[in-house]
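Colleague: This structure is in structure tokens; I'll ask about it shortly.
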Amino acid sequence: MEELPLNDLDAFTAIARERSFRAAARKRGVSASSLSDSLRRLEERVGVRLFNRTTRSVTPTEAGERLLERLTPALGEVSLALQQLDSFRDSPSGTLRLNVPTIAARLFLPDLANRFLKRYPQISLEIVGEDTFVDVLAAGYDAGIRYDERLERDMIAVPIGPRRQRYVTAAAPDYLERRGVPRHPRDLLGHDCVRHRFLSGASLPWEFERGEEALVITPKGPIIANAIDMEVSAALAGLGVIRTFEEVLLPAIKTGALVPILEEWVMEFSGPFLYYASRRHMPPALRAFVDFVKGEQRKAG
């Protein structure tokens, strides 16, 4: 059998996923020119153009899309087969790729990941924080972290991080002195508010609950961002009212830099989950991480 060009095929999938030679090269730790050489060899071998290339974009041709569709699960199986050899090692090794919400990467994952890597020094973690919903398997990830309302079907979900979380509302003391203290969520329609926009372009309304009463409003304000640190900075500067995860605002609330408001309208919700595809043979690095997360949840009780 003619030798399979696995390295060139792997280079092709990296370029197709990133839509960029440079971005793919950075992820693979190689030069863009080496990826270009791999793609040239592959296109010469198959006799079909796999990408449309301009100075601004790299997009798969129809043939390239078809190849990517078939290659993704196949190369995943090859990678899994090689990783299964780790079962013969004294401790698991390999790379574990996770796709997580930026808030998880900020609030609880750093401490969890640090302790995991200290226990398993031969495992390498690659964590991508983004707030757009992606198909983790199609995008080349081993697992993802999402909140329950965004879990995909046919996936196994394991609790990770805090099991209950809350949205709280707050503002800087000087803002409240100038504009007054809102007594009801509807009052926020007459206030400046600091809002969050996801990378998908969505900017969700603010939801409030008090007992059996629920209310949804769409506030307005001088700033909207997809970076939570910028949003908190705007609130600290007195530019408006902010509503977000309690853990994000708690340090400023404790110092008095922000004052909690509408405290009886706190929104509580269930915490996030680690989710991954149901497989008979899990990569050793993923198995180790799943077992570690389960152990941490048992400790938390």
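Letters A, B, ... go to the chains of the structure tokens in the order shown; residues in each chain start at 1; ligands are counted from 1 in the same order.
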Can you tell me, as a PDB file with all heavy atoms, in the first residue's frame, what residues are no more than 12 Å from Phe245 (chain A) when counting only C-alpha atoms, ignoring any on the same chain fewer than 4 positions away?
Modeller:
ATOM      1  N   ILE A 103     -15.877  32.992  31.243  1.00  0.00           N
ATOM      2  CA  ILE A 103     -16.112  33.182  32.677  1.00  0.00           C
ATOM      3  C   ILE A 103     -15.570  31.999  33.468  1.00  0.00           C
ATOM      4  O   ILE A 103     -15.049  32.157  34.570  1.00  0.00           O
ATOM      5  CB  ILE A 103     -17.615  33.399  32.973  1.00  0.00           C
ATOM      6  CG1 ILE A 103     -17.807  33.998  34.364  1.00  0.00           C
ATOM      7  CG2 ILE A 103     -18.408  32.124  32.788  1.00  0.00           C
ATOM      8  CD1 ILE A 103     -17.347  35.418  34.481  1.00  0.00           C
ATOM      9  N   ALA A 104     -15.642  30.788  32.895  1.00  0.00           N
ATOM     10  CA  ALA A 104     -15.069  29.619  33.565  1.00  0.00           C
ATOM     11  C   ALA A 104     -13.551  29.718  33.603  1.00  0.00           C
ATOM     12  O   ALA A 104     -12.911  29.386  34.608  1.00  0.00           O
ATOM     13  CB  ALA A 104     -15.493  28.335  32.851  1.00  0.00           C
ATOM     14  N   ARG A 106     -11.915  32.276  33.813  1.00  0.00           N
ATOM     15  CA  ARG A 106     -11.555  33.356  34.734  1.00  0.00           C
ATOM     16  C   ARG A 106     -11.793  32.994  36.197  1.00  0.00           C
ATOM     17  O   ARG A 106     -11.003  33.314  37.062  1.00  0.00           O
ATOM     18  CB  ARG A 106     -12.359  34.609  34.396  1.00  0.00           C
ATOM     19  CG  ARG A 106     -11.950  35.870  35.124  1.00  0.00           C
ATOM     20  CD  ARG A 106     -12.829  37.040  34.675  1.00  0.00           C
ATOM     21  NE  ARG A 106     -12.289  38.314  35.078  1.00  0.00           N
ATOM     22  CZ  ARG A 106     -12.530  38.890  36.250  1.00  0.00           C
ATOM     23  NH1 ARG A 106     -13.295  38.276  37.124  1.00  0.00           N
ATOM     24  NH2 ARG A 106     -11.999  40.071  36.529  1.00  0.00           N
ATOM     25  N   LEU A 107     -12.904  32.293  36.466  1.00  0.00           N
ATOM     26  CA  LEU A 107     -13.337  32.142  37.850  1.00  0.00           C
ATOM     27  C   LEU A 107     -12.801  30.895  38.553  1.00  0.00           C
ATOM     28  O   LEU A 107     -12.264  30.978  39.645  1.00  0.00           O
ATOM     29  CB  LEU A 107     -14.867  32.144  37.921  1.00  0.00           C
ATOM     30  CG  LEU A 107     -15.561  33.450  37.554  1.00  0.00           C
ATOM     31  CD1 LEU A 107     -17.065  33.306  37.717  1.00  0.00           C
ATOM     32  CD2 LEU A 107     -15.036  34.598  38.412  1.00  0.00           C
ATOM     33  N   PRO A 162     -18.459  25.523  40.725  1.00  0.00           N
ATOM     34  CA  PRO A 162     -19.540  25.759  41.698  1.00  0.00           C
ATOM     35  C   PRO A 162     -20.863  25.217  41.189  1.00  0.00           C
ATOM     36  O   PRO A 162     -21.184  25.333  40.013  1.00  0.00           O
ATOM     37  CB  PRO A 162     -19.566  27.294  41.820  1.00  0.00           C
ATOM     38  CG  PRO A 162     -18.965  27.792  40.544  1.00  0.00           C
ATOM     39  CD  PRO A 162     -17.929  26.779  40.159  1.00  0.00           C
ATOM     40  N   ARG A 164     -23.961  26.084  42.351  1.00  0.00           N
ATOM     41  CA  ARG A 164     -24.965  27.142  42.265  1.00  0.00           C
ATOM     42  C   ARG A 164     -24.233  28.463  42.091  1.00  0.00           C
ATOM     43  O   ARG A 164     -23.224  28.723  42.749  1.00  0.00           O
ATOM     44  CB  ARG A 164     -25.842  27.216  43.518  1.00  0.00           C
ATOM     45  CG  ARG A 164     -26.615  25.968  43.822  1.00  0.00           C
ATOM     46  CD  ARG A 164     -27.596  25.592  42.745  1.00  0.00           C
ATOM     47  NE  ARG A 164     -28.636  26.585  42.519  1.00  0.00           N
ATOM     48  CZ  ARG A 164     -29.537  26.511  41.543  1.00  0.00           C
ATOM     49  NH1 ARG A 164     -29.505  25.487  40.688  1.00  0.00           N
ATOM     50  NH2 ARG A 164     -30.456  27.436  41.395  1.00  0.00           N
ATOM     51  N   GLN A 165     -24.714  29.283  41.184  1.00  0.00           N
ATOM     52  CA  GLN A 165     -24.133  30.601  40.964  1.00  0.00           C
ATOM     53  C   GLN A 165     -25.237  31.641  40.905  1.00  0.00           C
ATOM     54  O   GLN A 165     -26.419  31.299  40.743  1.00  0.00           O
ATOM     55  CB  GLN A 165     -23.307  30.609  39.673  1.00  0.00           C
ATOM     56  CG  GLN A 165     -22.031  29.778  39.761  1.00  0.00           C
ATOM     57  CD  GLN A 165     -21.192  29.876  38.509  1.00  0.00           C
ATOM     58  OE1 GLN A 165     -21.405  29.159  37.549  1.00  0.00           O
ATOM     59  NE2 GLN A 165     -20.218  30.773  38.525  1.00  0.00           N
ATOM     60  N   ARG A 166     -24.839  32.916  41.022  1.00  0.00           N
ATOM     61  CA  ARG A 166     -25.845  33.970  41.060  1.00  0.00           C
ATOM     62  C   ARG A 166     -25.392  35.156  40.227  1.00  0.00           C
ATOM     63  O   ARG A 166     -24.199  35.460  40.132  1.00  0.00           O
ATOM     64  CB  ARG A 166     -26.082  34.448  42.498  1.00  0.00           C
ATOM     65  CG  ARG A 166     -26.373  33.349  43.482  1.00  0.00           C
ATOM     66  CD  ARG A 166     -27.003  33.877  44.758  1.00  0.00           C
ATOM     67  NE  ARG A 166     -26.238  34.979  45.358  1.00  0.00           N
ATOM     68  CZ  ARG A 166     -26.692  35.765  46.330  1.00  0.00           C
ATOM     69  NH1 ARG A 166     -27.903  35.567  46.806  1.00  0.00           N
ATOM     70  NH2 ARG A 166     -25.956  36.715  46.824  1.00  0.00           N
ATOM     71  N   TYR A 167     -26.370  35.825  39.632  1.00  0.00           N
ATOM     72  CA  TYR A 167     -26.147  37.131  39.035  1.00  0.00           C
ATOM     73  C   TYR A 167     -26.538  38.179  40.067  1.00  0.00           C
ATOM     74  O   TYR A 167     -27.607  38.083  40.680  1.00  0.00           O
ATOM     75  CB  TYR A 167     -27.021  37.337  37.792  1.00  0.00           C
ATOM     76  CG  TYR A 167     -26.485  36.713  36.526  1.00  0.00           C
ATOM     77  CD1 TYR A 167     -27.329  35.989  35.694  1.00  0.00           C
ATOM     78  CD2 TYR A 167     -25.161  36.868  36.143  1.00  0.00           C
ATOM     79  CE1 TYR A 167     -26.869  35.408  34.516  1.00  0.00           C
ATOM     80  CE2 TYR A 167     -24.688  36.294  34.975  1.00  0.00           C
ATOM     81  CZ  TYR A 167     -25.542  35.570  34.168  1.00  0.00           C
ATOM     82  OH  TYR A 167     -25.078  35.010  33.023  1.00  0.00           O
ATOM     83  N   VAL A 168     -25.677  39.162  40.273  1.00  0.00           N
ATOM     84  CA  VAL A 168     -26.003  40.263  41.178  1.00  0.00           C
ATOM     85  C   VAL A 168     -25.869  41.586  40.437  1.00  0.00           C
ATOM     86  O   VAL A 168     -25.225  41.680  39.389  1.00  0.00           O
ATOM     87  CB  VAL A 168     -25.089  40.249  42.423  1.00  0.00           C
ATOM     88  CG1 VAL A 168     -25.259  38.958  43.205  1.00  0.00           C
ATOM     89  CG2 VAL A 168     -23.628  40.439  42.033  1.00  0.00           C
ATOM     90  N   THR A 169     -26.483  42.601  40.985  1.00  0.00           N
ATOM     91  CA  THR A 169     -26.504  43.928  40.381  1.00  0.00           C
ATOM     92  C   THR A 169     -25.804  44.897  41.319  1.00  0.00           C
ATOM     93  O   THR A 169     -26.008  44.837  42.543  1.00  0.00           O
ATOM     94  CB  THR A 169     -27.958  44.391  40.133  1.00  0.00           C
ATOM     95  OG1 THR A 169     -28.698  43.332  39.545  1.00  0.00           O
ATOM     96  CG2 THR A 169     -28.003  45.603  39.221  1.00  0.00           C
ATOM     97  N   ALA A 170     -25.000  45.792  40.782  1.00  0.00           N
ATOM     98  CA  ALA A 170     -24.250  46.728  41.628  1.00  0.00           C
ATOM     99  C   ALA A 170     -23.913  47.990  40.847  1.00  0.00           C
ATOM    100  O   ALA A 170     -24.007  48.028  39.609  1.00  0.00           O
ATOM    101  CB  ALA A 170     -22.970  46.064  42.154  1.00  0.00           C
ATOM    102  N   HIS A 196     -23.085  43.333  28.458  1.00  0.00           N
ATOM    103  CA  HIS A 196     -22.143  42.376  27.866  1.00  0.00           C
ATOM    104  C   HIS A 196     -22.667  41.913  26.515  1.00  0.00           C
ATOM    105  O   HIS A 196     -23.861  41.632  26.371  1.00  0.00           O
ATOM    106  CB  HIS A 196     -21.980  41.164  28.791  1.00  0.00           C
ATOM    107  CG  HIS A 196     -21.009  40.143  28.291  1.00  0.00           C
ATOM    108  ND1 HIS A 196     -19.645  40.266  28.462  1.00  0.00           N
ATOM    109  CD2 HIS A 196     -21.192  38.979  27.602  1.00  0.00           C
ATOM    110  CE1 HIS A 196     -19.041  39.227  27.918  1.00  0.00           C
ATOM    111  NE2 HIS A 196     -19.957  38.429  27.385  1.00  0.00           N
ATOM    112  N   ILE A 228     -15.169  41.146  30.342  1.00  0.00           N
ATOM    113  CA  ILE A 228     -15.740  41.413  31.651  1.00  0.00           C
ATOM    114  C   ILE A 228     -14.900  42.410  32.445  1.00  0.00           C
ATOM    115  O   ILE A 228     -15.437  43.223  33.203  1.00  0.00           O
ATOM    116  CB  ILE A 228     -15.932  40.096  32.439  1.00  0.00           C
ATOM    117  CG1 ILE A 228     -16.746  40.330  33.701  1.00  0.00           C
ATOM    118  CG2 ILE A 228     -14.600  39.444  32.757  1.00  0.00           C
ATOM    119  CD1 ILE A 228     -18.148  40.808  33.452  1.00  0.00           C
ATOM    120  N   GLU A 231     -15.938  45.807  31.501  1.00  0.00           N
ATOM    121  CA  GLU A 231     -17.257  46.117  32.043  1.00  0.00           C
ATOM    122  C   GLU A 231     -17.172  46.497  33.520  1.00  0.00           C
ATOM    123  O   GLU A 231     -17.787  47.472  33.961  1.00  0.00           O
ATOM    124  CB  GLU A 231     -18.181  44.918  31.842  1.00  0.00           C
ATOM    125  CG  GLU A 231     -18.425  44.596  30.375  1.00  0.00           C
ATOM    126  CD  GLU A 231     -18.906  43.169  30.166  1.00  0.00           C
ATOM    127  OE1 GLU A 231     -19.708  42.701  30.999  1.00  0.00           O
ATOM    128  OE2 GLU A 231     -18.480  42.531  29.190  1.00  0.00           O
ATOM    129  N   VAL A 232     -16.400  45.740  34.282  1.00  0.00           N
ATOM    130  CA  VAL A 232     -16.235  46.051  35.704  1.00  0.00           C
ATOM    131  C   VAL A 232     -15.554  47.403  35.871  1.00  0.00           C
ATOM    132  O   VAL A 232     -15.927  48.213  36.729  1.00  0.00           O
ATOM    133  CB  VAL A 232     -15.433  44.945  36.412  1.00  0.00           C
ATOM    134  CG1 VAL A 232     -15.100  45.346  37.844  1.00  0.00           C
ATOM    135  CG2 VAL A 232     -16.207  43.636  36.398  1.00  0.00           C
ATOM    136  N   LEU A 249     -17.971  40.363  40.868  1.00  0.00           N
ATOM    137  CA  LEU A 249     -18.164  41.655  41.538  1.00  0.00           C
ATOM    138  C   LEU A 249     -17.811  41.625  43.020  1.00  0.00           C
ATOM    139  O   LEU A 249     -17.620  42.685  43.627  1.00  0.00           O
ATOM    140  CB  LEU A 249     -19.621  42.103  41.383  1.00  0.00           C
ATOM    141  CG  LEU A 249     -20.113  42.306  39.949  1.00  0.00           C
ATOM    142  CD1 LEU A 249     -21.549  42.818  39.966  1.00  0.00           C
ATOM    143  CD2 LEU A 249     -19.209  43.259  39.181  1.00  0.00           C
ATOM    144  N   LEU A 250     -17.719  40.435  43.615  1.00  0.00           N
ATOM    145  CA  LEU A 250     -17.531  40.340  45.064  1.00  0.00           C
ATOM    146  C   LEU A 250     -16.309  41.084  45.591  1.00  0.00           C
ATOM    147  O   LEU A 250     -16.408  41.762  46.628  1.00  0.00           O
ATOM    148  CB  LEU A 250     -17.481  38.868  45.469  1.00  0.00           C
ATOM    149  CG  LEU A 250     -17.773  38.554  46.939  1.00  0.00           C
ATOM    150  CD1 LEU A 250     -19.122  39.126  47.347  1.00  0.00           C
ATOM    151  CD2 LEU A 250     -17.743  37.043  47.160  1.00  0.00           C
ATOM    152  N   PRO A 251     -15.141  41.001  44.939  1.00  0.00           N
ATOM    153  CA  PRO A 251     -13.994  41.752  45.466  1.00  0.00           C
ATOM    154  C   PRO A 251     -14.273  43.259  45.572  1.00  0.00           C
ATOM    155  O   PRO A 251     -13.916  43.882  46.577  1.00  0.00           O
ATOM    156  CB  PRO A 251     -12.887  41.459  44.448  1.00  0.00           C
ATOM    157  CG  PRO A 251     -13.258  40.129  43.867  1.00  0.00           C
ATOM    158  CD  PRO A 251     -14.751  40.148  43.786  1.00  0.00           C
ATOM    159  N   VAL A 266     -31.965  38.855  43.149  1.00  0.00           N
ATOM    160  CA  VAL A 266     -30.799  38.086  42.716  1.00  0.00           C
ATOM    161  C   VAL A 266     -31.256  36.881  41.897  1.00  0.00           C
ATOM    162  O   VAL A 266     -32.214  36.205  42.246  1.00  0.00           O
ATOM    163  CB  VAL A 266     -29.978  37.630  43.932  1.00  0.00           C
ATOM    164  CG1 VAL A 266     -28.951  36.582  43.518  1.00  0.00           C
ATOM    165  CG2 VAL A 266     -29.278  38.823  44.574  1.00  0.00           C
ATOM    166  N   MET A 267     -30.568  36.625  40.787  1.00  0.00           N
ATOM    167  CA  MET A 267     -30.900  35.507  39.895  1.00  0.00           C
ATOM    168  C   MET A 267     -29.953  34.353  40.182  1.00  0.00           C
ATOM    169  O   MET A 267     -28.736  34.470  40.016  1.00  0.00           O
ATOM    170  CB  MET A 267     -30.759  35.953  38.439  1.00  0.00           C
ATOM    171  CG  MET A 267     -31.026  34.859  37.434  1.00  0.00           C
ATOM    172  SD  MET A 267     -32.764  34.693  37.096  1.00  0.00           S
ATOM    173  CE  MET A 267     -32.689  33.560  35.699  1.00  0.00           C
ATOM    174  N   GLU A 268     -30.505  33.227  40.638  1.00  0.00           N
ATOM    175  CA  GLU A 268     -29.683  32.054  40.946  1.00  0.00           C
ATOM    176  C   GLU A 268     -29.883  30.996  39.871  1.00  0.00           C
ATOM    177  O   GLU A 268     -30.987  30.819  39.350  1.00  0.00           O
ATOM    178  CB  GLU A 268     -30.060  31.496  42.317  1.00  0.00           C
ATOM    179  CG  GLU A 268     -29.140  30.392  42.792  1.00  0.00           C
ATOM    180  CD  GLU A 268     -29.382  30.015  44.244  1.00  0.00           C
ATOM    181  OE1 GLU A 268     -29.405  30.922  45.108  1.00  0.00           O
ATOM    182  OE2 GLU A 268     -29.548  28.809  44.499  1.00  0.00           O
ATOM    183  N   PHE A 269     -28.799  30.282  39.525  1.00  0.00           N
ATOM    184  CA  PHE A 269     -28.877  29.274  38.477  1.00  0.00           C
ATOM    185  C   PHE A 269     -27.862  28.169  38.756  1.00  0.00           C
ATOM    186  O   PHE A 269     -26.936  28.338  39.560  1.00  0.00           O
ATOM    187  CB  PHE A 269     -28.625  29.890  37.093  1.00  0.00           C
ATOM    188  CG  PHE A 269     -27.381  30.719  37.009  1.00  0.00           C
ATOM    189  CD1 PHE A 269     -26.197  30.161  36.569  1.00  0.00           C
ATOM    190  CD2 PHE A 269     -27.389  32.063  37.384  1.00  0.00           C
ATOM    191  CE1 PHE A 269     -25.041  30.910  36.498  1.00  0.00           C
ATOM    192  CE2 PHE A 269     -26.230  32.823  37.312  1.00  0.00           C
ATOM    193  CZ  PHE A 269     -25.062  32.252  36.877  1.00  0.00           C
ATOM    194  N   GLY A 271     -24.766  25.500  38.212  1.00  0.00           N
ATOM    195  CA  GLY A 271     -23.399  25.696  37.755  1.00  0.00           C
ATOM    196  C   GLY A 271     -23.088  24.935  36.472  1.00  0.00           C
ATOM    197  O   GLY A 271     -23.933  24.227  35.920  1.00  0.00           O
TER     198      GLY A 271
END
Colleague: List every residue of region 112-222 of chain A that has an atom at most 12 Å from any atom of region 68-78 of chain A, giving for each one its closest atom pair and the distance in Å to one decimal, counting only C-alpha atoms, sorted by chain and then by ascending residue number, as CSV.
Modeller:
residue,atom,partner,partner_atom,distance
A:Val136,CA,A:Thr72,CA,11.7
A:Leu137,CA,A:Pro73,CA,8.5
A:Ala138,CA,A:Thr72,CA,6.9
A:Ala139,CA,A:Thr72,CA,8.7
A:Gly140,CA,A:Thr72,CA,7.8
A:Tyr141,CA,A:Gly76,CA,9.9
A:Asp142,CA,A:Gly76,CA,9.7
Colleague: Residues of the last selection are to be written out with all heavy atoms, as a compact mmCIF listing (two decimals), in the first residue's frame.
Modeller:
# COMPACT_ATOMS: atom_id res chain seq x y z
N VAL A 136 -17.68 20.74 19.84
CA VAL A 136 -16.32 20.50 20.33
C VAL A 136 -15.59 19.43 19.54
O VAL A 136 -14.39 19.54 19.29
CB VAL A 136 -16.32 20.16 21.84
CG1 VAL A 136 -16.78 21.33 22.67
CG2 VAL A 136 -17.17 18.94 22.12
N LEU A 137 -16.30 18.38 19.15
CA LEU A 137 -15.64 17.29 18.43
C LEU A 137 -15.23 17.73 17.03
O LEU A 137 -14.12 17.48 16.58
CB LEU A 137 -16.55 16.07 18.37
CG LEU A 137 -16.90 15.44 19.71
CD1 LEU A 137 -17.76 14.21 19.50
CD2 LEU A 137 -15.64 15.09 20.49
N ALA A 138 -16.15 18.41 16.32
CA ALA A 138 -15.84 18.86 14.97
C ALA A 138 -14.70 19.88 14.98
O ALA A 138 -13.94 19.97 14.02
CB ALA A 138 -17.08 19.46 14.32
N ALA A 139 -14.60 20.64 16.06
CA ALA A 139 -13.55 21.66 16.15
C ALA A 139 -12.24 21.10 16.68
O ALA A 139 -11.27 21.85 16.85
CB ALA A 139 -14.02 22.82 17.03
N GLY A 140 -12.20 19.81 16.97
CA GLY A 140 -10.95 19.19 17.39
C GLY A 140 -10.68 19.21 18.88
O GLY A 140 -9.56 18.93 19.31
N TYR A 141 -11.70 19.52 19.70
CA TYR A 141 -11.52 19.53 21.15
C TYR A 141 -11.88 18.16 21.73
O TYR A 141 -12.68 17.42 21.17
CB TYR A 141 -12.40 20.60 21.80
CG TYR A 141 -12.02 22.00 21.39
CD1 TYR A 141 -12.73 22.66 20.39
CD2 TYR A 141 -10.96 22.66 22.01
CE1 TYR A 141 -12.38 23.94 20.00
CE2 TYR A 141 -10.61 23.94 21.62
CZ TYR A 141 -11.31 24.57 20.62
OH TYR A 141 -10.96 25.84 20.24
N ASP A 142 -11.31 17.85 22.89
CA ASP A 142 -11.64 16.60 23.57
C ASP A 142 -12.90 16.75 24.43
O ASP A 142 -13.64 15.79 24.61
CB ASP A 142 -10.47 16.17 24.47
CG ASP A 142 -9.22 15.86 23.68
OD1 ASP A 142 -9.26 14.90 22.88
OD2 ASP A 142 -8.22 16.58 23.84
Colleague: Work out how far CA of Ala235 (chain A) is from CA of Asp187 (chain A), in Å to one decimal.
Modeller: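 One can read the CA of Asp187 (chain A) to CA of Ala235 (chain A) distance as 17.4 Å.
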Colleague: According to DSSP computed on the backbone, where in region 66-148 of chain A is there strand (DSSP E or B)? Give the residues as a ChimeraX atom specification.
Modeller: /A:94-100,123-129,143-147
Colleague: Can you pull out every residue from region 72-301 of chain A that DSSP, working from the backbone, puts in helix (DSSP H, G or I), and format the result as a VMD selection string?
Modeller: chain A and resid 72 to 88 102 to 107 109 to 119 148 to 150 173 to 179 185 to 190 228 to 236 246 to 255 263 to 265 284 to 300
Colleague: From the options A:Thr244, A:Ile15, A:Arg66, A:Arg146, which residue's atoms come nearest to Val158 (chain A), counting only C-alpha atoms?
Modeller: A:Arg146
Colleague: Can you pull out every residue within 7 Å of region 206-209 of chain A, counting only C-alpha atoms, but drop anything in the same chain fewer than 3 positions away, and send it as an MDAnalysis selection string?
Modeller: chainID A and resid 213:218 265:267
Colleague: Taking into account only C-alpha atoms, which residue in the set A:Gly161, A:Ala257, A:Val181, A:His191 is nearest to Gly301 (chain A)?
Modeller: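 Of the candidates, the smallest distance to Gly301 (chain A) is held by A:Gly161.
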Colleague: Using only C-alpha atoms, which residue out of A:Ala11, A:His184, A:Arg56, A:Tyr120 lies closest to Ser34 (chain A)?
Modeller: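 Result for the nearest residue to Ser34 (chain A): A:Ala11.
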Colleague: Need the shell around Leu35 (chain A): protein/DNA/RNA residues with any atom at most 10 Å away, counting only C-alpha atoms. Skip same-chain ones fewer than 2 positions apart. Format as an mmCIF file with N, CA, C and O atoms, in the first residue's frame?
Modeller:
data_model
loop_
_atom_site.group_PDB
_atom_site.id
_atom_site.type_symbol
_atom_site.label_atom_id
_atom_site.label_comp_id
_atom_site.auth_asym_id
_atom_site.auth_seq_id
_atom_site.Cartn_x
_atom_site.Cartn_y
_atom_site.Cartn_z
ATOM 1 N N ASN A 7 1.102 13.292 7.980
ATOM 2 C CA ASN A 7 1.523 14.626 8.399
ATOM 3 C C ASN A 7 0.897 15.706 7.522
ATOM 4 O O ASN A 7 0.473 16.758 8.012
ATOM 5 N N ASP A 8 0.838 15.447 6.225
ATOM 6 C CA ASP A 8 0.241 16.425 5.311
ATOM 7 C C ASP A 8 -1.264 16.529 5.529
ATOM 8 O O ASP A 8 -1.848 17.617 5.455
ATOM 9 N N ASP A 10 -2.771 15.978 8.376
ATOM 10 C CA ASP A 10 -2.935 16.689 9.642
ATOM 11 C C ASP A 10 -2.745 18.190 9.439
ATOM 12 O O ASP A 10 -3.474 19.010 10.017
ATOM 13 N N ALA A 11 -1.780 18.564 8.619
ATOM 14 C CA ALA A 11 -1.562 19.980 8.309
ATOM 15 C C ALA A 11 -2.786 20.568 7.601
ATOM 16 O O ALA A 11 -3.208 21.695 7.891
ATOM 17 N N PHE A 12 -3.364 19.799 6.685
ATOM 18 C CA PHE A 12 -4.561 20.250 5.976
ATOM 19 C C PHE A 12 -5.702 20.540 6.947
ATOM 20 O O PHE A 12 -6.369 21.575 6.855
ATOM 21 N N ALA A 14 -5.556 21.273 10.107
ATOM 22 C CA ALA A 14 -5.243 22.443 10.940
ATOM 23 C C ALA A 14 -5.531 23.732 10.183
ATOM 24 O O ALA A 14 -6.114 24.678 10.726
ATOM 25 N N ILE A 15 -5.118 23.808 8.922
ATOM 26 C CA ILE A 15 -5.365 25.004 8.104
ATOM 27 C C ILE A 15 -6.861 25.199 7.891
ATOM 28 O O ILE A 15 -7.385 26.321 7.983
ATOM 29 N N PHE A 21 -3.004 30.134 7.577
ATOM 30 C CA PHE A 21 -1.747 29.411 7.691
ATOM 31 C C PHE A 21 -1.026 29.805 8.976
ATOM 32 O O PHE A 21 -0.480 28.959 9.684
ATOM 33 N N ARG A 22 -1.011 31.104 9.274
ATOM 34 C CA ARG A 22 -0.280 31.576 10.450
ATOM 35 C C ARG A 22 -0.893 31.050 11.740
ATOM 36 O O ARG A 22 -0.186 30.599 12.643
ATOM 37 N N ALA A 24 -2.799 28.394 12.142
ATOM 38 C CA ALA A 24 -2.583 26.952 12.213
ATOM 39 C C ALA A 24 -1.146 26.641 12.602
ATOM 40 O O ALA A 24 -0.887 25.719 13.383
ATOM 41 N N ALA A 25 -0.212 27.405 12.058
ATOM 42 C CA ALA A 25 1.202 27.181 12.378
ATOM 43 C C ALA A 25 1.481 27.445 13.853
ATOM 44 O O ALA A 25 2.222 26.700 14.502
ATOM 45 N N ARG A 28 0.246 24.551 15.940
ATOM 46 C CA ARG A 28 1.034 23.338 15.765
ATOM 47 C C ARG A 28 2.495 23.528 16.166
ATOM 48 O O ARG A 28 3.252 22.559 16.239
ATOM 49 N N VAL A 30 4.828 25.141 14.425
ATOM 50 C CA VAL A 30 5.701 25.028 13.258
ATOM 51 C C VAL A 30 5.623 26.333 12.478
ATOM 52 O O VAL A 30 4.890 27.250 12.830
ATOM 53 N N SER A 31 6.364 26.406 11.393
ATOM 54 C CA SER A 31 6.343 27.609 10.564
ATOM 55 C C SER A 31 5.212 27.528 9.547
ATOM 56 O O SER A 31 4.791 26.444 9.130
ATOM 57 N N ALA A 32 4.725 28.705 9.136
ATOM 58 C CA ALA A 32 3.678 28.750 8.116
ATOM 59 C C ALA A 32 4.182 28.169 6.801
ATOM 60 O O ALA A 32 3.417 27.544 6.056
ATOM 61 N N SER A 33 5.463 28.351 6.518
ATOM 62 C CA SER A 33 6.012 27.830 5.265
ATOM 63 C C SER A 33 6.004 26.309 5.238
ATOM 64 O O SER A 33 5.780 25.686 4.194
ATOM 65 N N ASP A 37 4.156 23.952 2.515
ATOM 66 C CA ASP A 37 4.804 22.856 1.801
ATOM 67 C C ASP A 37 3.990 21.564 1.913
ATOM 68 O O ASP A 37 3.841 20.818 0.940
ATOM 69 N N SER A 38 3.461 21.315 3.122
ATOM 70 C CA SER A 38 2.646 20.111 3.328
ATOM 71 C C SER A 38 1.402 20.148 2.455
ATOM 72 O O SER A 38 1.026 19.138 1.841
ATOM 73 N N LEU A 39 0.756 21.319 2.406
ATOM 74 C CA LEU A 39 -0.453 21.436 1.597
ATOM 75 C C LEU A 39 -0.138 21.277 0.113
ATOM 76 O O LEU A 39 -0.886 20.621 -0.627
ATOM 77 N N ARG A 40 0.982 21.850 -0.327
ATOM 78 C CA ARG A 40 1.372 21.725 -1.736
ATOM 79 C C ARG A 40 1.579 20.260 -2.098
ATOM 80 O O ARG A 40 1.107 19.797 -3.143
ATOM 81 N N ARG A 41 2.268 19.517 -1.213
ATOM 82 C CA ARG A 41 2.502 18.100 -1.480
ATOM 83 C C ARG A 41 1.183 17.335 -1.565
ATOM 84 O O ARG A 41 0.991 16.475 -2.431
#
